[in-house]
Amino acid sequence: MNFISKIKAIYLKFYFKFKKKLIFKDKYGLSYYLYKNTRPSDTFKKGVRTDDSTVLYIIDKILSSATLNDKNFIQCIDVGAYIGVVTLMMSKTLQRIQKKWLVHTFEPFKETFLKLEENINLDPCKNNIKLNNIAVLDASGTKTFKTYEHSPGENHLDIETLHKYEDYIIKKNIHVTTLKDYININEIKHITICKIDTEGTDYLVIKGLQEYLESKFVDYIIFEYHAPSHEKIKDILYSKGYSIYYMVRNEEILVDSLEKYPKNSKSLLNLIAVSSEKKNIFLKNFVMEFKSENTSH
């Protein structure tokens, strides 16, 4: 840590002894509050509150490109929004184009949802963002939720196959829906981007959406890499005609297979699935490293 970073860390530690939140404008021009337990020092150091800025880069490019996004009414989904950085990037980009749009955002943990709500209220187009304080899985109902006091970004549904830290502070019962049910209730006709970050249950979210993948209802799906469920997600998406690309973390490039992920880069965190209708134009618009002849599988 250099001298300036040390000074910032000391300042933030002192600041949060007396204040609950701090307004921050990141390197993408997004404004949002930081809180003591949302890694403010790390955010100041990187210039943005995210572990993978390639996600923001790709979202911005897809939504702002006439070739990548050809719909007159754009609807995006952000499942596991945390404090709302991805939702705010979607909104910022969509505000620049002359189209009707909505972003549907999900965050199940009430304490985090209130922070999300505060950040979305900073957005001049907050009325175009529909906030949902509910979890998403493959079946509607009620589930147990594990929460962590010092790392709320690790909060997750209590699924038997999912092993996380054991020092959770409390379990809570929360309501759960599926994207299928949500789409039906809200009469959504098409989704341009569906981003999923649910700390290990991305597979179940996609499983609950798969009926709508048959007709390429969703153009792009961004999700996290979790080794136990990775092959299951690939099986679903490949069966629906999607191609999968691996985002090189914080480097704004992609590779077409896990084996080609650069060893000197930060570990893999996010992937993007692209519908067959968008594949060719997608490959023309993004930097692909070590691209092979066949990028379908």
# chains A, B, ... in the order shown; residues from 1 in each chain; ligands from 1
$ closest_atom_pairs --of "region 11-121 of chain A" --to "region 196-217 of chain A" --cutoff "8 Å" --atoms "only C-alpha atoms" --output "Markdown table"
| residue | atom | partner | partner_atom | distance |
| --- | --- | --- | --- | --- |
| A:Asp78 | CA | A:Ile196 | CA | 6.2 |
| A:Val79 | CA | A:Ile196 | CA | 4.8 |
| A:Gly80 | CA | A:Asp197 | CA | 5.0 |
| A:Ala81 | CA | A:Asp197 | CA | 7.3 |
$ select_by_dssp --residues "region 85-140 of chain A" --states "helix (DSSP H, G or I)" --output "ChimeraX atom specification"
/A:85-94,110-120,126-128
$ write_last_selection --atoms "C-alpha atoms" --output "PDB file, in the first residue's frame"
ATOM      1  CA  VAL A  85     -23.443  -0.273  -8.682  1.00  0.00           C
ATOM      2  CA  VAL A  86     -24.456  -2.450 -11.659  1.00  0.00           C
ATOM      3  CA  THR A  87     -28.008  -1.063 -11.641  1.00  0.00           C
ATOM      4  CA  LEU A  88     -26.605   2.474 -11.625  1.00  0.00           C
ATOM      5  CA  MET A  89     -24.348   1.667 -14.590  1.00  0.00           C
ATOM      6  CA  MET A  90     -27.327   0.278 -16.514  1.00  0.00           C
ATOM      7  CA  SER A  91     -29.276   3.437 -15.728  1.00  0.00           C
ATOM      8  CA  LYS A  92     -26.413   5.798 -16.610  1.00  0.00           C
ATOM      9  CA  THR A  93     -25.956   4.212 -20.029  1.00  0.00           C
ATOM     10  CA  LEU A  94     -29.658   3.949 -20.802  1.00  0.00           C
ATOM     11  CA  LYS A 110     -33.422  -5.843   4.182  1.00  0.00           C
ATOM     12  CA  GLU A 111     -30.432  -3.969   5.620  1.00  0.00           C
ATOM     13  CA  THR A 112     -28.614  -4.061   2.288  1.00  0.00           C
ATOM     14  CA  PHE A 113     -31.832  -3.263   0.420  1.00  0.00           C
ATOM     15  CA  LEU A 114     -32.149  -0.002   2.387  1.00  0.00           C
ATOM     16  CA  LYS A 115     -28.633   0.965   1.283  1.00  0.00           C
ATOM     17  CA  LEU A 116     -29.525   0.048  -2.280  1.00  0.00           C
ATOM     18  CA  GLU A 117     -32.618   2.222  -2.002  1.00  0.00           C
ATOM     19  CA  GLU A 118     -30.539   5.175  -0.767  1.00  0.00           C
ATOM     20  CA  ASN A 119     -28.192   4.849  -3.722  1.00  0.00           C
ATOM     21  CA  ILE A 120     -30.956   4.520  -6.296  1.00  0.00           C
ATOM     22  CA  LYS A 126     -34.864   6.434 -10.247  1.00  0.00           C
ATOM     23  CA  ASN A 127     -38.454   6.039 -11.472  1.00  0.00           C
ATOM     24  CA  ASN A 128     -37.124   3.824 -14.265  1.00  0.00           C
TER      25      ASN A 128
END
$ select_by_dssp --residues "region 52-229 of chain A" --states "strand (DSSP E)" --output "ChimeraX atom specification"
/A:73-79,100-106,129-132,135-137,141-147,156-157,170-178,191-196,218-224
$ write_last_selection --atoms "N, CA and C atoms" --output "compact mmCIF listing (two decimals), in the first residue's frame"
# COMPACT_ATOMS: atom_id res chain seq x y z
N PHE A 73 -37.68 -0.80 -26.70
CA PHE A 73 -38.01 -0.78 -25.27
C PHE A 73 -37.04 -1.75 -24.59
N ILE A 74 -36.13 -1.22 -23.80
CA ILE A 74 -35.07 -2.04 -23.20
C ILE A 74 -35.40 -2.32 -21.74
N GLN A 75 -35.35 -3.60 -21.39
CA GLN A 75 -35.53 -3.97 -20.00
C GLN A 75 -34.34 -4.84 -19.57
N CYS A 76 -33.77 -4.51 -18.42
CA CYS A 76 -32.63 -5.24 -17.87
C CYS A 76 -32.98 -5.73 -16.47
N ILE A 77 -32.30 -6.77 -16.04
CA ILE A 77 -32.51 -7.34 -14.72
C ILE A 77 -31.18 -7.43 -13.97
N ASP A 78 -31.20 -7.03 -12.71
CA ASP A 78 -30.02 -7.12 -11.85
C ASP A 78 -30.40 -7.93 -10.61
N VAL A 79 -30.02 -9.21 -10.60
CA VAL A 79 -30.34 -10.10 -9.48
C VAL A 79 -29.14 -10.15 -8.54
N LYS A 100 -37.21 3.92 -24.58
CA LYS A 100 -37.90 3.64 -23.34
C LYS A 100 -37.16 2.50 -22.63
N TRP A 101 -37.04 2.59 -21.31
CA TRP A 101 -36.29 1.54 -20.61
C TRP A 101 -36.73 1.37 -19.16
N LEU A 102 -36.45 0.18 -18.62
CA LEU A 102 -36.66 -0.14 -17.21
C LEU A 102 -35.56 -1.08 -16.75
N VAL A 103 -35.17 -0.94 -15.49
CA VAL A 103 -34.24 -1.88 -14.86
C VAL A 103 -34.96 -2.49 -13.65
N HIS A 104 -34.99 -3.81 -13.59
CA HIS A 104 -35.63 -4.53 -12.49
C HIS A 104 -34.52 -5.07 -11.58
N THR A 105 -34.53 -4.64 -10.34
CA THR A 105 -33.41 -4.90 -9.44
C THR A 105 -33.87 -5.69 -8.21
N PHE A 106 -33.08 -6.71 -7.83
CA PHE A 106 -33.43 -7.59 -6.72
C PHE A 106 -32.33 -7.61 -5.67
N ILE A 129 -36.29 2.56 -12.36
CA ILE A 129 -35.68 1.42 -11.68
C ILE A 129 -36.69 0.83 -10.71
N LYS A 130 -37.04 -0.42 -10.90
CA LYS A 130 -38.01 -1.09 -10.04
C LYS A 130 -37.26 -1.95 -9.03
N LEU A 131 -37.31 -1.56 -7.76
CA LEU A 131 -36.60 -2.27 -6.71
C LEU A 131 -37.47 -3.37 -6.10
N ASN A 132 -36.86 -4.53 -5.89
CA ASN A 132 -37.58 -5.68 -5.35
C ASN A 132 -36.80 -6.26 -4.17
N ALA A 135 -35.68 -12.49 -2.82
CA ALA A 135 -34.65 -13.33 -3.40
C ALA A 135 -35.18 -14.02 -4.66
N VAL A 136 -34.28 -14.53 -5.48
CA VAL A 136 -34.65 -15.22 -6.72
C VAL A 136 -33.99 -16.60 -6.73
N LEU A 137 -34.81 -17.62 -7.03
CA LEU A 137 -34.32 -18.99 -7.15
C LEU A 137 -35.09 -19.71 -8.26
N GLY A 141 -41.43 -19.23 -2.87
CA GLY A 141 -41.73 -19.69 -1.53
C GLY A 141 -40.95 -18.93 -0.48
N THR A 142 -40.45 -19.64 0.52
CA THR A 142 -39.67 -19.05 1.60
C THR A 142 -38.39 -19.85 1.79
N LYS A 143 -37.28 -19.15 1.99
CA LYS A 143 -35.99 -19.80 2.22
C LYS A 143 -35.27 -19.13 3.38
N THR A 144 -34.30 -19.85 3.93
CA THR A 144 -33.46 -19.30 4.99
C THR A 144 -32.28 -18.56 4.38
N PHE A 145 -31.93 -17.43 4.97
CA PHE A 145 -30.88 -16.57 4.46
C PHE A 145 -29.82 -16.38 5.53
N LYS A 146 -28.55 -16.62 5.17
CA LYS A 146 -27.44 -16.40 6.10
C LYS A 146 -26.86 -15.01 5.90
N THR A 147 -26.60 -14.30 7.00
CA THR A 147 -26.05 -12.95 6.89
C THR A 147 -24.75 -12.84 7.69
N HIS A 156 -26.02 -14.94 1.73
CA HIS A 156 -26.49 -15.86 0.72
C HIS A 156 -27.60 -16.75 1.27
N LEU A 157 -28.35 -17.33 0.36
CA LEU A 157 -29.39 -18.29 0.74
C LEU A 157 -28.74 -19.55 1.30
N ILE A 170 -26.61 -14.61 11.82
CA ILE A 170 -28.03 -14.94 12.02
C ILE A 170 -28.61 -15.55 10.75
N LYS A 171 -29.63 -16.35 10.93
CA LYS A 171 -30.39 -16.87 9.81
C LYS A 171 -31.77 -16.21 9.81
N LYS A 172 -32.24 -15.82 8.64
CA LYS A 172 -33.55 -15.19 8.54
C LYS A 172 -34.36 -15.87 7.45
N ASN A 173 -35.66 -15.91 7.61
CA ASN A 173 -36.54 -16.41 6.57
C ASN A 173 -36.91 -15.27 5.64
N ILE A 174 -36.75 -15.48 4.35
CA ILE A 174 -37.07 -14.44 3.37
C ILE A 174 -37.92 -15.02 2.25
N HIS A 175 -38.64 -14.14 1.56
CA HIS A 175 -39.48 -14.56 0.44
C HIS A 175 -38.63 -14.76 -0.81
N VAL A 176 -39.02 -15.73 -1.61
CA VAL A 176 -38.29 -16.09 -2.82
C VAL A 176 -39.27 -16.14 -4.00
N THR A 177 -38.81 -15.65 -5.16
CA THR A 177 -39.59 -15.77 -6.38
C THR A 177 -38.71 -16.38 -7.46
N THR A 178 -39.26 -16.56 -8.65
CA THR A 178 -38.47 -17.00 -9.80
C THR A 178 -38.55 -15.92 -10.87
N ILE A 191 -35.75 -9.27 -22.49
CA ILE A 191 -34.71 -8.80 -21.58
C ILE A 191 -33.41 -8.66 -22.36
N THR A 192 -32.82 -7.49 -22.30
CA THR A 192 -31.56 -7.28 -23.00
C THR A 192 -30.40 -7.88 -22.21
N ILE A 193 -30.25 -7.49 -20.94
CA ILE A 193 -29.20 -8.03 -20.08
C ILE A 193 -29.81 -8.52 -18.78
N CYS A 194 -29.43 -9.72 -18.39
CA CYS A 194 -29.78 -10.25 -17.07
C CYS A 194 -28.47 -10.53 -16.34
N LYS A 195 -28.18 -9.73 -15.32
CA LYS A 195 -26.97 -9.93 -14.52
C LYS A 195 -27.35 -10.64 -13.24
N ILE A 196 -26.59 -11.69 -12.88
CA ILE A 196 -26.88 -12.50 -11.70
C ILE A 196 -25.63 -12.59 -10.83
N VAL A 218 -33.86 -13.66 -23.68
CA VAL A 218 -32.79 -12.89 -23.04
C VAL A 218 -31.58 -12.85 -23.98
N ASP A 219 -31.09 -11.65 -24.29
CA ASP A 219 -29.94 -11.52 -25.19
C ASP A 219 -28.63 -11.91 -24.51
N TYR A 220 -28.40 -11.36 -23.30
CA TYR A 220 -27.12 -11.55 -22.61
C TYR A 220 -27.38 -11.90 -21.14
N ILE A 221 -26.64 -12.88 -20.63
CA ILE A 221 -26.72 -13.25 -19.22
C ILE A 221 -25.32 -13.17 -18.62
N ILE A 222 -25.15 -12.32 -17.63
CA ILE A 222 -23.87 -12.19 -16.93
C ILE A 222 -24.02 -12.89 -15.58
N PHE A 223 -23.11 -13.79 -15.27
CA PHE A 223 -23.21 -14.54 -14.02
C PHE A 223 -21.82 -14.82 -13.46
N GLU A 224 -21.78 -15.26 -12.19
CA GLU A 224 -20.51 -15.50 -11.53
C GLU A 224 -20.02 -16.93 -11.73
$ atom_distance --atom1 "CA of Asp51 (chain A)" --atom2 "CA of Tyr238 (chain A)"
26.6 Å
